[in-house]
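Chemist: Provided herewith is a single structure, encoded as structure tokens, for subsequent inquiry.
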Amino acid sequence: MTLPQLPLALTQGDPAGIGPDIAITAWAKRRELGLPPFILIGDPDVIASRANLLGIAINVKVCEPEQALSVFPDALPMISIPVGFEVQAGQPHVGAALATIKAIETAVSLTVEKRAAAVVTNPIAKSILYEAGFGFPGHTEFLADLASKLTGQTVKPVMMIAGPKLRVVPVTIHIPVKDIPGALSEDLIIETCRIVAADLKDKFGIEAPRLAVAGLNPHAGEDGAIGTEDRDIIHPATIQLRKDGIDAFGPLPADTMFHDAARKRYDVAVCMYHDQALIPAKALGFDDSVNVTLGLPFIRTSPDHGTAFGIAGQGIANESSLVAALKMAADIAARQAAA
């Protein structure tokens with residue numbers, strides 16, 4: 001792994017969740033894991049308390065991003081954003097929401113200002129943020145809004161889950177299953193696939209990305225016999241994409257897309273809805289898959305799991321997905337810097 005010349009900006013996530021646990025554990029194993037340097041944005045008191053709870057000796061140093069590379073080998077560099085009260089592991093509180101949001105804003109600002117190489121976010125609890133008036137469906141939409149405000153560019157974010165065996169992109173994400181057919185359109189599929197193809201080239205170094213596009217209905221609709229969306233929406237979208245020079249093919253029956261031989265024929269599976277994409281992704285790489293936001297003017301990765309309040313502070317949270325997210329962000333940053 002080639003290391004970037006700037007630290008990664010890692011957010012603490014919800015302070016009552018496992019974000020602090022896995023950040024501490026990852027830093028404690030930094031040498032054996034070959035971790036890229038990061039600066040943690042959060043509450044030093046939360047980190048000190050959680051490290052004590054986990055029985056991990058840790059030295060925290062509040063510093064500027066420019067100091068993080070030299071600090072990282074001996075101490076955990078942090079940007080201090082106090083929560084304002086004593087956080088209990090596993091007990092989320094709406095009072096922590098503003099600090100959680102500010103940490104994300106800080107990470108994005110540092111990255112846009114070229115003071116950090118990439119944004120890596122620990123899990124948030126959307127229900128807690130909603131109580132505090134958070135006006136976005138989740139991390140991804142908030143990051144897109146921040147990017148638009150900071151750069152003046154219109155941003156269309158696309159979620160990709162990337163693991164060692166499979167990359168997937170859902171065209172629709174957090175909507176009820178009953179609403180999926182109405183939300184799908186030829187334009188939405190084309191726009192999503194164009195962003196995916198561009199970022200696989202730019203961020204992952206895949207010169208000619210191959211996009212396998214899943215059908216919506218069983219057996220990809222069987223030419224209208226089991227639903228018309230595949231024939232009338234998805235198929236025309238793939239035709240237009242190929243006219244645009246993008247190697248997209250489908251609609252394919254989703255039940256035959258994810259076995260070993262099928263995965264060798266494409267670089268990413270573009271799926272029509274959340275579970276169609278995330279079930280195979282998590283089945284094939286639950287602990288080491290990474291959530292990557294494509295379409296942003298900066299790099300953003302995240303562990304592919306939630307806050308896991310039920311195990312916070314117990315020393316059993318698995319840091320593998322965070323480690324994978326940190327390494328992927330560093331790889332992308334180094335690749336772009338060398339281009």
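Residues are referred to by chain and number: the chain letter is A, B, ... according to the order shown in the structure tokens, the number counts from 1 in that chain, and ligands are numbered separately from 1 in the order shown.
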Pick out the residues sitting within 9 Å of A:Lys165, and hand them over as a list in words; count only C-alpha atoms, and ignore anything fewer than 5 positions along from it in its own chain.

Modeler: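 Surrounding residues, per the criterion: Asp260, Arg263, Ala281, Leu284 and Gly285 of chain A.
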
Chemist: What does the file look like for those residues with C-alpha atoms, as a PDB file, in the first residue's frame?

Modeler:
ATOM      1  CA  ASP A 260     -17.998 -17.371  -8.405  1.00  0.00           C
ATOM      2  CA  ARG A 263     -18.459 -12.429 -10.681  1.00  0.00           C
ATOM      3  CA  ALA A 281     -22.110  -8.065  -0.614  1.00  0.00           C
ATOM      4  CA  LEU A 284     -19.353 -12.518   0.695  1.00  0.00           C
ATOM      5  CA  GLY A 285     -17.511  -9.958   2.834  1.00  0.00           C
TER       6      GLY A 285
END

Chemist: With DSSP run on the backbone, what are the alpha helix (DSSP H) residues within stretch 34-273 of chain A? I'd like them as an MDAnalysis selection string.

Modeler: chainID A and resid 44:54 65:71 97:112 126:131 139:151 180:183 186:202 229 235:243 260:263

Chemist: Identify which of the residues A:Leu6, A:Val155, A:Val169, A:Ile124 lies closest to A:His305, counting only C-alpha atoms when measuring atom-to-atom distances.

Modeler: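 Checking each of A:Leu6, A:Val155, A:Val169, A:Ile124 against A:His305, counting only C-alpha atoms, the winner is A:Ile124.
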
Chemist: Excluding A:Asn122 and any residue of its chain fewer than 5 positions from it, enumerate the residues within 8 Å of it, using only C-alpha atoms, and give them as a VMD selection string.

Modeler: chain A and resid 10 to 14 19 302 to 303 322
